[in-house]
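work33.txt follows; it contains compact mmCIF, C-alpha atoms and all ligand atoms.
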# COMPACT_ATOMS: atom_id res chain seq x y z
CA MET A 1 -18.93 13.37 31.51
CA ILE A 2 -17.28 11.12 28.94
CA ARG A 3 -15.97 13.18 26.03
CA VAL A 4 -14.72 12.35 22.55
CA ASN A 5 -11.31 12.97 21.04
CA GLU A 6 -12.12 16.18 19.13
CA ASN A 7 -9.54 15.30 16.49
CA PHE A 8 -11.81 12.53 15.24
CA LEU A 9 -14.44 15.18 14.50
CA LYS A 10 -12.06 16.86 12.04
CA LEU A 11 -12.05 13.73 9.84
CA GLN A 12 -13.82 14.21 6.54
CA ALA A 13 -16.10 11.34 5.64
CA SER A 14 -14.96 9.54 2.52
CA TYR A 15 -17.90 9.14 0.19
CA LEU A 16 -15.76 7.64 -2.56
CA PHE A 17 -16.85 4.00 -2.35
CA SER A 18 -20.42 4.75 -1.25
CA ASP A 19 -20.81 7.21 -4.16
CA ILE A 20 -19.47 4.58 -6.54
CA ALA A 21 -21.93 2.01 -5.14
CA LYS A 22 -24.85 4.45 -5.56
CA ARG A 23 -23.98 5.17 -9.17
CA ILE A 24 -23.59 1.45 -9.93
CA SER A 25 -26.97 0.73 -8.41
CA ALA A 26 -28.66 3.54 -10.42
CA TYR A 27 -27.03 2.22 -13.61
CA GLN A 28 -28.14 -1.34 -12.84
CA LYS A 29 -31.71 -0.17 -12.27
CA ALA A 30 -31.78 1.68 -15.59
CA ASN A 31 -30.02 -1.15 -17.45
CA PRO A 32 -31.19 -4.40 -15.84
CA ASN A 33 -29.85 -6.54 -18.68
CA LYS A 34 -26.35 -5.08 -18.81
CA SER A 35 -23.51 -6.71 -16.89
CA ILE A 36 -21.11 -4.67 -14.81
CA ILE A 37 -17.36 -5.27 -14.62
CA LYS A 38 -15.64 -3.81 -11.56
CA LEU A 39 -12.07 -2.72 -12.17
CA GLY A 40 -12.00 -0.35 -9.24
CA ILE A 41 -11.09 -2.78 -6.52
CA GLY A 42 -7.79 -2.90 -4.58
CA ASP A 43 -8.42 -6.40 -3.24
CA VAL A 44 -6.82 -9.42 -4.88
CA THR A 45 -9.00 -12.00 -6.63
CA GLU A 46 -6.84 -15.12 -7.10
CA PRO A 47 -6.76 -17.87 -4.40
CA LEU A 48 -3.91 -18.57 -1.97
CA PRO A 49 -0.83 -20.30 -3.44
CA GLN A 50 -0.67 -24.08 -2.89
CA ALA A 51 2.58 -23.85 -0.89
CA CYS A 52 0.91 -21.45 1.59
CA ARG A 53 -2.18 -23.62 1.89
CA ASP A 54 -0.09 -26.76 2.52
CA ALA A 55 1.91 -24.99 5.26
CA PHE A 56 -1.30 -23.54 6.73
CA HIS A 57 -2.95 -27.01 6.86
CA SER A 58 0.01 -28.74 8.44
CA ALA A 59 0.43 -25.96 11.04
CA ILE A 60 -3.23 -26.35 12.02
CA ASP A 61 -2.73 -30.13 12.37
CA GLU A 62 0.33 -29.45 14.56
CA MET A 63 -1.81 -27.18 16.74
CA GLY A 64 -4.10 -30.15 17.35
CA THR A 65 -1.33 -32.08 19.16
CA HIS A 66 0.16 -31.53 22.61
CA GLU A 67 3.69 -31.39 21.17
CA GLY A 68 2.82 -29.00 18.35
CA PHE A 69 0.39 -26.69 20.14
CA HIS A 70 1.34 -23.00 20.16
CA GLY A 71 -0.20 -20.49 22.53
CA TYR A 72 0.93 -16.85 22.62
CA GLY A 73 3.96 -16.49 20.40
CA PRO A 74 6.61 -13.76 20.42
CA GLU A 75 4.84 -10.43 19.69
CA GLN A 76 7.50 -9.56 17.10
CA GLY A 77 6.90 -12.80 15.18
CA TYR A 78 8.45 -16.28 15.19
CA SER A 79 12.13 -16.34 14.34
CA PHE A 80 11.54 -18.82 11.48
CA LEU A 81 9.57 -16.10 9.64
CA ARG A 82 11.72 -13.14 10.68
CA GLU A 83 14.82 -14.95 9.47
CA ALA A 84 13.23 -16.00 6.18
CA ILE A 85 12.21 -12.36 5.59
CA ALA A 86 15.62 -10.91 6.45
CA ASP A 87 17.47 -13.47 4.28
CA ASN A 88 15.21 -13.41 1.22
CA ASP A 89 13.80 -9.89 1.03
CA PHE A 90 16.89 -7.98 2.18
CA GLN A 91 20.20 -9.86 2.61
CA ALA A 92 19.79 -11.54 -0.79
CA ARG A 93 19.52 -8.07 -2.37
CA GLY A 94 22.49 -6.62 -0.53
CA ALA A 95 20.45 -4.78 2.13
CA ASN A 96 21.89 -5.41 5.56
CA ILE A 97 18.69 -5.99 7.56
CA SER A 98 18.75 -8.53 10.38
CA ALA A 99 15.90 -10.73 11.67
CA ASP A 100 15.59 -8.77 14.92
CA GLU A 101 14.82 -5.60 12.93
CA ILE A 102 11.68 -7.25 11.49
CA PHE A 103 8.34 -6.86 13.33
CA VAL A 104 5.69 -9.26 12.03
CA SER A 105 2.11 -7.95 12.20
CA ASP A 106 -1.39 -8.49 10.86
CA GLY A 107 -1.23 -5.75 8.23
CA ALA A 108 0.65 -2.91 6.58
CA LYS A 109 -2.51 -0.84 7.01
CA CYS A 110 -2.29 -1.10 10.81
CA ASP A 111 1.49 -0.61 10.88
CA SER A 112 1.57 2.37 8.52
CA GLY A 113 -1.34 3.84 10.49
CA ASN A 114 0.08 3.13 13.95
CA PHE A 115 3.72 4.05 13.52
CA GLN A 116 3.11 7.78 13.99
CA GLU A 117 2.06 7.10 17.62
CA ILE A 118 5.64 7.07 18.84
CA PHE A 119 6.36 10.63 17.67
CA ALA A 120 5.55 14.00 19.22
CA GLU A 121 2.20 15.61 18.49
CA GLY A 122 3.80 18.77 17.11
CA ILE A 123 5.82 17.23 14.27
CA LYS A 124 5.23 18.26 10.66
CA ILE A 125 3.76 15.59 8.38
CA ALA A 126 4.33 15.30 4.63
CA VAL A 127 2.05 13.11 2.50
CA ALA A 128 1.70 12.62 -1.22
CA ASP A 129 -1.32 13.88 -3.12
CA PRO A 130 -3.01 11.64 -4.33
CA VAL A 131 -2.52 9.41 -1.29
CA TYR A 132 -3.45 6.13 0.42
CA PRO A 133 -5.76 7.77 3.01
CA VAL A 134 -4.51 5.82 6.06
CA TYR A 135 -1.41 8.03 6.43
CA VAL A 136 -3.51 11.20 6.48
CA ASP A 137 -6.40 10.10 8.67
CA THR A 138 -4.24 8.57 11.40
CA ASN A 139 -2.30 11.82 11.76
CA VAL A 140 -5.56 13.79 11.89
CA MET A 141 -6.74 11.47 14.68
CA ALA A 142 -3.46 12.11 16.51
CA GLY A 143 -4.05 15.87 16.45
CA ARG A 144 -1.34 16.86 13.97
CA SER A 145 -3.65 18.85 11.67
CA GLY A 146 -6.12 21.65 11.76
CA GLY A 147 -9.51 21.32 10.11
CA SER A 148 -10.12 20.48 6.48
CA LEU A 149 -10.19 23.37 4.03
CA ASP A 150 -10.94 22.96 0.31
CA GLY A 151 -10.11 19.26 0.39
CA ARG A 152 -6.91 19.45 2.42
CA TYR A 153 -6.11 19.33 6.14
CA GLN A 154 -4.42 22.43 7.40
CA GLY A 155 -0.93 21.92 8.75
CA PHE A 156 0.05 18.98 6.54
CA VAL A 157 2.50 19.39 3.67
CA TYR A 158 1.08 17.84 0.50
CA LEU A 159 3.63 16.47 -1.97
CA GLU A 160 2.00 16.80 -5.36
CA SER A 161 2.18 13.91 -7.83
CA THR A 162 1.29 15.29 -11.24
CA PRO A 163 1.82 14.51 -14.94
CA GLU A 164 4.58 17.17 -14.90
CA ASN A 165 6.72 15.34 -12.32
CA GLY A 166 5.87 11.85 -13.62
CA TYR A 167 3.79 11.32 -10.45
CA VAL A 168 6.92 11.20 -8.26
CA PRO A 169 6.72 14.20 -5.92
CA ALA A 170 9.55 16.64 -5.40
CA ILE A 171 11.23 17.27 -2.07
CA PRO A 172 9.33 20.04 -0.23
CA SER A 173 10.78 23.50 0.12
CA GLU A 174 9.58 23.84 3.73
CA PRO A 175 10.96 21.68 6.57
CA VAL A 176 9.03 18.48 7.42
CA ASP A 177 9.64 15.78 10.05
CA LEU A 178 7.77 12.65 9.01
CA ILE A 179 7.49 11.78 5.31
CA TYR A 180 5.20 9.09 3.93
CA LEU A 181 6.37 7.60 0.63
CA CYS A 182 4.77 4.67 -1.20
CA PHE A 183 6.34 2.94 -4.23
CA PRO A 184 5.03 1.26 -6.33
CA ASN A 185 2.33 3.76 -5.51
CA ASN A 186 -1.30 3.34 -4.64
CA PRO A 187 -3.24 4.89 -6.36
CA THR A 188 -0.94 5.98 -9.22
CA GLY A 189 1.14 2.85 -9.85
CA ALA A 190 4.19 5.10 -10.28
CA THR A 191 7.60 3.78 -9.22
CA ALA A 192 10.65 5.66 -7.94
CA THR A 193 14.19 5.11 -9.22
CA LYS A 194 17.15 4.56 -6.93
CA GLU A 195 18.30 8.12 -7.67
CA GLN A 196 14.93 9.55 -6.66
CA LEU A 197 14.91 7.56 -3.41
CA SER A 198 18.53 8.57 -2.78
CA ALA A 199 17.49 12.22 -2.95
CA TRP A 200 14.82 11.61 -0.29
CA VAL A 201 17.28 9.75 1.93
CA GLU A 202 19.80 12.59 1.56
CA TYR A 203 17.10 15.13 2.41
CA ALA A 204 16.06 13.14 5.52
CA LYS A 205 19.68 12.88 6.67
CA GLU A 206 20.36 16.57 6.23
CA SER A 207 17.13 17.75 7.82
CA GLY A 208 16.71 15.18 10.60
CA ALA A 209 13.45 13.88 9.10
CA LEU A 210 12.23 10.26 9.05
CA ILE A 211 10.81 8.44 6.02
CA LEU A 212 7.98 5.91 6.37
CA TYR A 213 8.31 3.86 3.17
CA ASP A 214 5.32 1.72 2.17
CA ALA A 215 6.42 -1.06 -0.17
CA ALA A 216 3.20 -3.13 -0.04
CA TYR A 217 3.29 -3.55 -3.86
CA VAL A 218 6.98 -4.33 -4.31
CA ALA A 219 6.30 -7.87 -5.59
CA PHE A 220 5.08 -6.31 -8.85
CA VAL A 221 8.41 -4.67 -9.66
CA ARG A 222 9.93 -6.36 -12.73
CA ASP A 223 12.35 -3.67 -13.90
CA SER A 224 15.69 -4.86 -12.52
CA LEU A 225 16.97 -1.27 -12.28
CA LEU A 226 14.24 -0.27 -9.82
CA PRO A 227 14.95 -0.66 -6.09
CA GLN A 228 12.86 -3.30 -4.29
CA SER A 229 13.56 -1.80 -0.88
CA ILE A 230 14.55 1.64 0.34
CA TYR A 231 17.47 -0.08 2.12
CA GLU A 232 19.11 -0.65 -1.27
CA VAL A 233 19.85 3.08 -1.07
CA GLN A 234 22.98 3.91 0.87
CA GLY A 235 22.29 5.52 4.23
CA ALA A 236 18.58 4.60 4.31
CA LYS A 237 19.07 2.46 7.41
CA ASP A 238 19.62 5.67 9.38
CA VAL A 239 16.45 7.43 8.24
CA ALA A 240 13.79 5.03 6.92
CA ILE A 241 11.21 2.55 8.20
CA GLU A 242 9.78 0.12 5.60
CA PHE A 243 6.33 -1.49 5.54
CA ARG A 244 5.74 -4.74 3.65
CA SER A 245 2.77 -7.04 3.30
CA PHE A 246 1.88 -10.56 2.16
CA SER A 247 -1.50 -9.22 0.98
CA LYS A 248 -0.71 -8.38 -2.62
CA ASN A 249 2.06 -10.87 -3.44
CA ALA A 250 0.56 -14.01 -1.89
CA GLY A 251 -3.11 -13.07 -1.69
CA PHE A 252 -3.16 -12.67 2.11
CA THR A 253 -5.72 -9.82 2.17
CA GLY A 254 -8.11 -12.11 4.04
CA THR A 255 -5.43 -14.15 5.82
CA ARG A 256 -3.54 -11.18 7.32
CA CYS A 257 0.22 -11.06 7.63
CA ALA A 258 2.67 -8.22 7.07
CA TYR A 259 5.83 -6.82 8.58
CA THR A 260 7.66 -3.61 9.37
CA VAL A 261 11.42 -3.10 9.24
CA VAL A 262 12.78 -0.88 12.00
CA PRO A 263 16.57 -0.53 11.77
CA LYS A 264 18.41 -0.27 15.08
CA GLU A 265 20.39 2.78 13.95
CA ILE A 266 17.40 5.15 13.84
CA THR A 267 16.93 7.59 16.68
CA ALA A 268 14.66 10.55 17.40
CA ALA A 269 15.11 13.40 19.83
CA GLY A 270 13.51 13.72 23.26
CA ALA A 271 12.47 17.00 24.89
CA ASN A 272 16.06 17.82 25.92
CA GLY A 273 17.62 16.85 22.61
CA GLU A 274 18.76 13.43 23.88
CA GLN A 275 18.42 10.61 21.33
CA HIS A 276 16.05 7.65 21.71
CA SER A 277 16.05 4.38 19.78
CA ILE A 278 13.03 4.08 17.48
CA HIS A 279 13.51 0.29 17.45
CA ALA A 280 13.16 0.20 21.25
CA LEU A 281 10.12 2.48 21.23
CA TRP A 282 8.35 0.54 18.48
CA ASN A 283 9.16 -2.73 20.24
CA ARG A 284 7.59 -1.33 23.39
CA ARG A 285 4.50 -0.14 21.53
CA HIS A 286 4.15 -3.40 19.55
CA CYS A 287 4.45 -5.62 22.66
CA THR A 288 2.00 -3.46 24.61
CA LYS A 289 -0.75 -3.30 21.99
CA PHE A 290 -0.30 -6.42 19.85
CA ASN A 291 -0.27 -10.12 20.71
CA GLY A 292 1.22 -11.60 17.60
CA VAL A 293 0.07 -13.16 14.33
CA SER A 294 -1.22 -16.73 14.67
CA TYR A 295 1.25 -19.59 14.24
CA PRO A 296 -0.51 -21.15 11.21
CA VAL A 297 -0.62 -17.79 9.41
CA GLN A 298 3.09 -17.21 10.03
CA LYS A 299 3.81 -20.73 8.75
CA ALA A 300 1.74 -19.95 5.62
CA ALA A 301 3.72 -16.70 5.17
CA GLU A 302 7.04 -18.51 5.60
CA ALA A 303 6.03 -20.81 2.72
CA VAL A 304 6.19 -17.79 0.38
CA TYR A 305 9.98 -18.16 0.59
CA SER A 306 10.07 -21.91 -0.19
CA GLU A 307 11.08 -22.91 -3.72
CA ALA A 308 7.48 -23.80 -4.62
CA GLY A 309 6.16 -20.67 -2.87
CA GLU A 310 8.49 -18.33 -4.75
CA HIS A 311 7.46 -19.90 -8.02
CA GLN A 312 3.74 -19.65 -7.22
CA VAL A 313 3.94 -16.05 -5.98
CA LYS A 314 5.79 -15.07 -9.14
CA ALA A 315 3.06 -16.76 -11.25
CA LEU A 316 0.38 -14.94 -9.27
CA THR A 317 1.91 -11.49 -9.66
CA ASP A 318 2.74 -12.23 -13.32
CA PHE A 319 -0.94 -13.00 -13.87
CA TYR A 320 -2.04 -9.59 -12.52
CA LEU A 321 0.77 -7.85 -14.44
CA GLU A 322 -0.47 -9.44 -17.66
CA ASN A 323 -3.94 -8.03 -16.85
CA ALA A 324 -2.31 -4.64 -16.28
CA LYS A 325 -0.54 -4.88 -19.65
CA ILE A 326 -3.85 -5.56 -21.41
CA VAL A 327 -5.45 -2.53 -19.69
CA LYS A 328 -2.52 -0.25 -20.43
CA ALA A 329 -2.34 -1.24 -24.10
CA ALA A 330 -6.06 -0.62 -24.60
CA ILE A 331 -5.97 2.75 -22.86
CA GLU A 332 -2.89 3.97 -24.73
CA GLU A 333 -4.35 2.79 -28.04
CA LEU A 334 -7.27 5.14 -27.38
CA GLY A 335 -4.84 8.03 -27.01
CA TYR A 336 -4.86 8.46 -23.23
CA SER A 337 -1.63 8.80 -21.31
CA CYS A 338 -1.20 6.73 -18.18
CA VAL A 339 1.34 5.66 -15.58
CA GLY A 340 1.72 2.36 -13.71
CA GLY A 341 0.85 -1.10 -14.94
CA ASP A 342 4.43 -2.17 -15.79
CA ASN A 343 5.67 -2.65 -12.24
CA SER A 344 2.39 -2.22 -10.44
CA PRO A 345 -1.18 -3.60 -10.48
CA TYR A 346 -2.66 -0.10 -10.84
CA ILE A 347 -3.00 2.01 -13.98
CA TRP A 348 -3.50 5.73 -13.40
CA ILE A 349 -5.09 7.37 -16.41
CA ASN A 350 -5.03 11.04 -17.28
CA ALA A 351 -8.70 11.38 -18.21
CA ARG A 352 -8.34 14.99 -19.49
CA ARG A 353 -11.68 15.80 -17.82
CA PRO A 354 -13.14 15.71 -14.30
CA SER A 355 -12.66 12.24 -12.86
CA TRP A 356 -16.32 11.69 -11.88
CA GLU A 357 -17.40 12.76 -15.37
CA PHE A 358 -15.09 10.14 -16.88
CA PHE A 359 -16.28 7.56 -14.33
CA ASP A 360 -19.94 8.17 -15.34
CA HIS A 361 -19.08 8.10 -19.03
CA LEU A 362 -17.32 4.73 -18.67
CA LEU A 363 -20.09 3.26 -16.54
CA ASN A 364 -22.93 4.46 -18.76
CA GLU A 365 -21.29 3.56 -22.08
CA THR A 366 -19.62 0.28 -21.09
CA GLY A 367 -20.76 -0.95 -17.66
CA VAL A 368 -17.11 -0.84 -16.52
CA VAL A 369 -16.40 0.56 -13.05
CA CYS A 370 -13.15 2.37 -12.27
CA THR A 371 -12.12 4.53 -9.30
CA PRO A 372 -12.29 8.32 -9.75
CA GLY A 373 -8.93 9.87 -8.88
CA ALA A 374 -10.52 12.81 -7.07
CA GLY A 375 -11.30 10.41 -4.21
CA PHE A 376 -7.56 10.17 -3.41
CA GLY A 377 -6.80 13.88 -3.16
CA LEU A 378 -6.91 17.16 -5.06
CA CYS A 379 -4.18 16.07 -7.49
CA GLY A 380 -6.22 12.96 -8.30
CA GLU A 381 -8.76 15.17 -10.06
CA GLY A 382 -8.70 14.59 -13.82
CA HIS A 383 -7.55 10.99 -13.35
CA ILE A 384 -9.03 7.54 -12.84
CA ARG A 385 -7.48 4.37 -11.39
CA ILE A 386 -7.98 0.98 -12.99
CA SER A 387 -6.97 -2.09 -11.02
CA ALA A 388 -5.57 -5.31 -12.51
CA PHE A 389 -7.01 -7.42 -9.70
CA ASN A 390 -9.62 -9.38 -11.64
CA SER A 391 -10.08 -12.44 -13.86
CA ARG A 392 -8.52 -12.42 -17.34
CA GLU A 393 -11.97 -12.80 -18.86
CA ASN A 394 -13.32 -9.73 -17.08
CA VAL A 395 -10.27 -7.63 -17.98
CA GLU A 396 -10.45 -8.63 -21.65
CA ASN A 397 -14.20 -8.04 -21.82
CA ALA A 398 -13.88 -4.67 -20.11
CA MET A 399 -11.16 -3.49 -22.50
CA GLU A 400 -13.13 -4.68 -25.52
CA ARG A 401 -16.15 -2.69 -24.34
CA ILE A 402 -14.00 0.39 -23.68
CA ARG A 403 -12.38 0.09 -27.11
CA LEU A 404 -15.75 -0.07 -28.84
CA ALA A 405 -17.31 2.76 -26.84
CA LEU A 406 -14.45 5.26 -26.61
CA ALA A 407 -13.11 4.84 -30.11
CA LYS A 408 -16.42 6.13 -31.48
N1 LIG B 1 -0.39 0.03 1.93
C1 LIG B 1 -0.94 0.36 0.76
C2 LIG B 1 -0.32 1.42 -0.06
C3 LIG B 1 -2.11 -0.28 0.32
O1 LIG B 1 -2.67 0.07 -0.84
C4 LIG B 1 -2.69 -1.28 1.12
C5 LIG B 1 -3.92 -1.98 0.73
O2 LIG B 1 -4.61 -1.71 -0.20
C6 LIG B 1 -2.07 -1.59 2.34
C7 LIG B 1 -0.92 -0.92 2.72
C8 LIG B 1 -2.70 -2.59 3.25
O3 LIG B 1 -1.96 -3.75 3.38
P1 LIG B 1 -2.42 -4.88 4.40
O4 LIG B 1 -3.42 -5.74 3.68
O5 LIG B 1 -1.15 -5.59 4.73
O6 LIG B 1 -3.02 -4.22 5.60
Translate the structure of the given file into C-alpha cells.
Amino acid sequence: MIRVNENFLKLQASYLFSDIAKRISAYQKANPNKSIIKLGIGDVTEPLPQACRDAFHSAIDEMGTHEGFHGYGPEQGYSFLREAIADNDFQARGANISADEIFVSDGAKCDSGNFQEIFAEGIKIAVADPVYPVYVDTNVMAGRSGGSLDGRYQGFVYLESTPENGYVPAIPSEPVDLIYLCFPNNPTGATATKEQLSAWVEYAKESGALILYDAAYVAFVRDSLLPQSIYEVQGAKDVAIEFRSFSKNAGFTGTRCAYTVVPKEITAAGANGEQHSIHALWNRRHCTKFNGVSYPVQKAAEAVYSEAGEHQVKALTDFYLENAKIVKAAIEELGYSCVGGDNSPYIWINARRPSWEFFDHLLNETGVVCTPGAGFGLCGEGHIRISAFNSRENVENAMERIRLALAK
C-alpha cells in the first residue's frame, strides 16, 4: 500500500495568514465604509525596472528567431549572468567568488529550502526564533526533528532574537551542525555587523559546522559599515553558503530568479570521515532536479547590473526605504521601540502586549493590517511586523491613522 512520509505529518499548520484574513473579513463586515490598508505583506508592489523589461523584451524577440532561439540552457545558469553576479556582487566588494561558484535558480525560497537535502539526516539544525519558516519546515520534512511541543519542534536548536540581544542571536552553547542565518532579517529587519558575522564564522570553523546565510534583503543595506555578503568576513568561504534573490531588489517576486553561492573550498564528512566537496554535491543535486531559469528571465536579471539597471534598482529600494523611514518615525514618536527599517524593508515593533491583541487593536482602531510576530515563533510574541512594501500614499495614510488613534 502506498504510504506517506510520516515527517510531513509532524508539520504544524500555519494559521497566520488565514487568521489575518478572517479578522480582516470580520472587520470589513462590521465596518463596510472603512478602508483597509495592508502593511503586512512581504511581496513587493512596484513594477519591474525599465532596464529589466527592455532586456526581457529583446530576449523574447531573440527567442522568436532561428539564430537566437534557446532551448535547455546550462542548469547552473548562463555564464553571462554568473559572471555579472560574481563581478558586481562579490569581486567589486573584495569577496573572491568566481562565476563557477554561482548557481542560478528560480528562487531563494527553493534554494534555502532544498540545500539541506545534501546533508545527513542526523545532523543538528539551528534556526533563529523568530524565523522565516522555510528553514524549519524543510528540515521537519527531512526527518531532522521530533514532534512539535509548545510551539517548537523537538530536536532543533532555537537561536533567540530578543530585545536584550538587539535581535541578533548569540552563538549556541550546545554543538550544532547546520546554522541558518538571515541578515537583513525577515521578520525582524535586524542587521548583523561584520564582527557579529565573524564570530559565527569562527564558531563554524572551530566546530565543523556550516552556515546557510540568507541575504535576500541585502539590497536594502545602506550603512557602509555593514557587510553586504558573508564572504566579506575572512574565512567565510570555508564555512558558508549564501542565498541571494532578485525578488526584493528588482521586483522579481513574480518573474523568478535567484542564485546560491557555493564556494569550492567547503567540504563535509562522509561515513568514514573522508571529505566530500559540497560544490560537487550541490551541482549534482541541482542538475538532477532543476532544468534552469529561462533565457529571457536571466537576460532580465543580467540587466540589473547595467548602468541603467543599477540606477533603477537603487531608486526602487530607496523608495521602499523611504516608506520604512516614515513608518519608523511614526512608531517611535508614539513611544514604541523598534528595530529594522534603516537597512531593511521590515520594521519589527515591540508592542509591549500580546501580538494578536496589538494586531486587533490596530485593525479595529485604524483599519491598518500588520503581521503579528507570534506567527514567526515564540520569540515573536509581543511584537508585530510592518512592511514597507506599499505605495507612499498608503504608508502615509496608515501612519496618520495610527498617530491619531494611538496617541489618544
Ligand atoms: N528568503 C527570505 C528571508 C525571504 O523573506 C524570502 C521571501 O519573502 C525569500 C527568501 C524568498 O525569495 P525568492 O522570491 O527568491 O524565492
Select, from A:Phe252, A:Phe119, A:Tyr132, A:Phe90, the residue with the minimum atom-to-atom distance to Ser229 (chain A), counting all atoms listed in the file.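 When distances to Ser229 (chain A) are compared using all atoms listed in the file, the smallest one comes from A:Phe90.
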Between A:Phe319, A:Trp348, A:Phe243, A:Tyr305, which residue has the minimum interatomic distance to ligand LIG 1 (chain B), considering all atoms listed in the file?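 With all atoms listed in the file as the atom set, the closest residue is A:Phe243.
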Can you pull out every residue within 12 Å of Gly375 (chain A), counting only C-alpha atoms, but drop anything in the same chain fewer than 5 positions away, and send it as a VMD selection string? chain A and resid 12 to 20 40 129 to 133 151 187 354 to 356 359 370 380 to 385
Could I get the residue neighbourhood of ligand LIG 1 (chain B) at 7 Å, counting all atoms listed in the file, as an mmCIF file with C-alpha atoms, keeping the file's coordinate frame?
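Dumped to pocket37.cif:
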data_model
loop_
_atom_site.group_PDB
_atom_site.id
_atom_site.type_symbol
_atom_site.label_atom_id
_atom_site.label_comp_id
_atom_site.auth_asym_id
_atom_site.auth_seq_id
_atom_site.Cartn_x
_atom_site.Cartn_y
_atom_site.Cartn_z
ATOM 1 C CA GLY A 42 -7.790 -2.900 -4.580
ATOM 2 C CA ASP A 43 -8.420 -6.400 -3.240
ATOM 3 C CA ASP A 106 -1.390 -8.490 10.860
ATOM 4 C CA GLY A 107 -1.230 -5.750 8.230
ATOM 5 C CA ALA A 108 0.650 -2.910 6.580
ATOM 6 C CA LYS A 109 -2.510 -0.840 7.010
ATOM 7 C CA CYS A 110 -2.290 -1.100 10.810
ATOM 8 C CA TYR A 132 -3.450 6.130 0.420
ATOM 9 C CA CYS A 182 4.770 4.670 -1.200
ATOM 10 C CA ASN A 185 2.330 3.760 -5.510
ATOM 11 C CA ASN A 186 -1.300 3.340 -4.640
ATOM 12 C CA ASP A 214 5.320 1.720 2.170
ATOM 13 C CA ALA A 216 3.200 -3.130 -0.040
ATOM 14 C CA SER A 245 2.770 -7.040 3.300
ATOM 15 C CA PHE A 246 1.880 -10.560 2.160
ATOM 16 C CA SER A 247 -1.500 -9.220 0.980
ATOM 17 C CA THR A 253 -5.720 -9.820 2.170
ATOM 18 C CA ARG A 256 -3.540 -11.180 7.320
ATOM 19 C CA CYS A 257 0.220 -11.060 7.630
ATOM 20 C CA ALA A 258 2.670 -8.220 7.070
#
Sphere at (11.0, -16.8, 2.5), radius 6 Å, counting only C-alpha atoms: residues as number ranges by chain: A: 84-85, 88, 302, 304-306
Write the selection just made, keeping C-alpha atoms, as a PDB file, in the frame of the given file?
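out.pdb was written with the following content:
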ATOM      1  CA  ALA A  84      13.230 -16.000   6.180  1.00  0.00           C
ATOM      2  CA  ILE A  85      12.210 -12.360   5.590  1.00  0.00           C
ATOM      3  CA  ASN A  88      15.210 -13.410   1.220  1.00  0.00           C
ATOM      4  CA  GLU A 302       7.040 -18.510   5.600  1.00  0.00           C
ATOM      5  CA  VAL A 304       6.190 -17.790   0.380  1.00  0.00           C
ATOM      6  CA  TYR A 305       9.980 -18.160   0.590  1.00  0.00           C
ATOM      7  CA  SER A 306      10.070 -21.910  -0.190  1.00  0.00           C
TER       8      SER A 306
END
Which residue is closest to Gln50 (chain A)? Choose from A:His361, A:His311, A:Arg152, A:Arg403 and count all atoms listed in the file.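 Smallest distance to Gln50 (chain A) is found for A:His311.
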d(CA of Val368 (chain A), CA of Leu39 (chain A)) in Å: 6.9 Å
Nearest residue to Ala126 (chain A) out of A:Phe103, A:Phe220, A:Phe80, A:Tyr180, using all atoms listed in the file? A:Tyr180
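Take CA of Glu202 (chain A) and CA of Val168 (chain A): the distance between them is 16.3 Å.
Nearest to Asn249 (chain A) of all the residues A:Lys314, A:Lys237, A:His276, A:Lys299 is A:Lys314, counting all atoms listed in the file.
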What lies within 10 Å of Gly367 (chain A) using only C-alpha atoms, ignoring chain neighbours under 5 positions off, as a list in words? Ile24, Tyr27, Gln28, Asn31, Lys34, Ser35, Ile36, Ile37, Lys38, Asp360, His361, Leu362, Ala398, Arg401 and Ile402 of chain A
Cut-off 10 Å around (13.7, 1.1, 2.8) with all atoms listed in the file: residues as a short mmCIF file (atom, residue, chain, number, x, y, z; two decimals) with C-alpha atoms, in the frame of the given file:
data_model
loop_
_atom_site.label_atom_id
_atom_site.label_comp_id
_atom_site.auth_asym_id
_atom_site.auth_seq_id
_atom_site.Cartn_x
_atom_site.Cartn_y
_atom_site.Cartn_z
CA PHE A 90 16.89 -7.98 2.18
CA ALA A 95 20.45 -4.78 2.13
CA ILE A 97 18.69 -5.99 7.56
CA LEU A 197 14.91 7.56 -3.41
CA VAL A 201 17.28 9.75 1.93
CA ILE A 211 10.81 8.44 6.02
CA LEU A 212 7.98 5.91 6.37
CA TYR A 213 8.31 3.86 3.17
CA ASP A 214 5.32 1.72 2.17
CA ALA A 215 6.42 -1.06 -0.17
CA PRO A 227 14.95 -0.66 -6.09
CA GLN A 228 12.86 -3.30 -4.29
CA SER A 229 13.56 -1.80 -0.88
CA ILE A 230 14.55 1.64 0.34
CA TYR A 231 17.47 -0.08 2.12
CA GLU A 232 19.11 -0.65 -1.27
CA VAL A 233 19.85 3.08 -1.07
CA GLN A 234 22.98 3.91 0.87
CA GLY A 235 22.29 5.52 4.23
CA ALA A 236 18.58 4.60 4.31
CA LYS A 237 19.07 2.46 7.41
CA ASP A 238 19.62 5.67 9.38
CA VAL A 239 16.45 7.43 8.24
CA ALA A 240 13.79 5.03 6.92
CA ILE A 241 11.21 2.55 8.20
CA GLU A 242 9.78 0.12 5.60
CA PHE A 243 6.33 -1.49 5.54
CA ARG A 244 5.74 -4.74 3.65
CA VAL A 261 11.42 -3.10 9.24
CA VAL A 262 12.78 -0.88 12.00
CA PRO A 263 16.57 -0.53 11.77
#
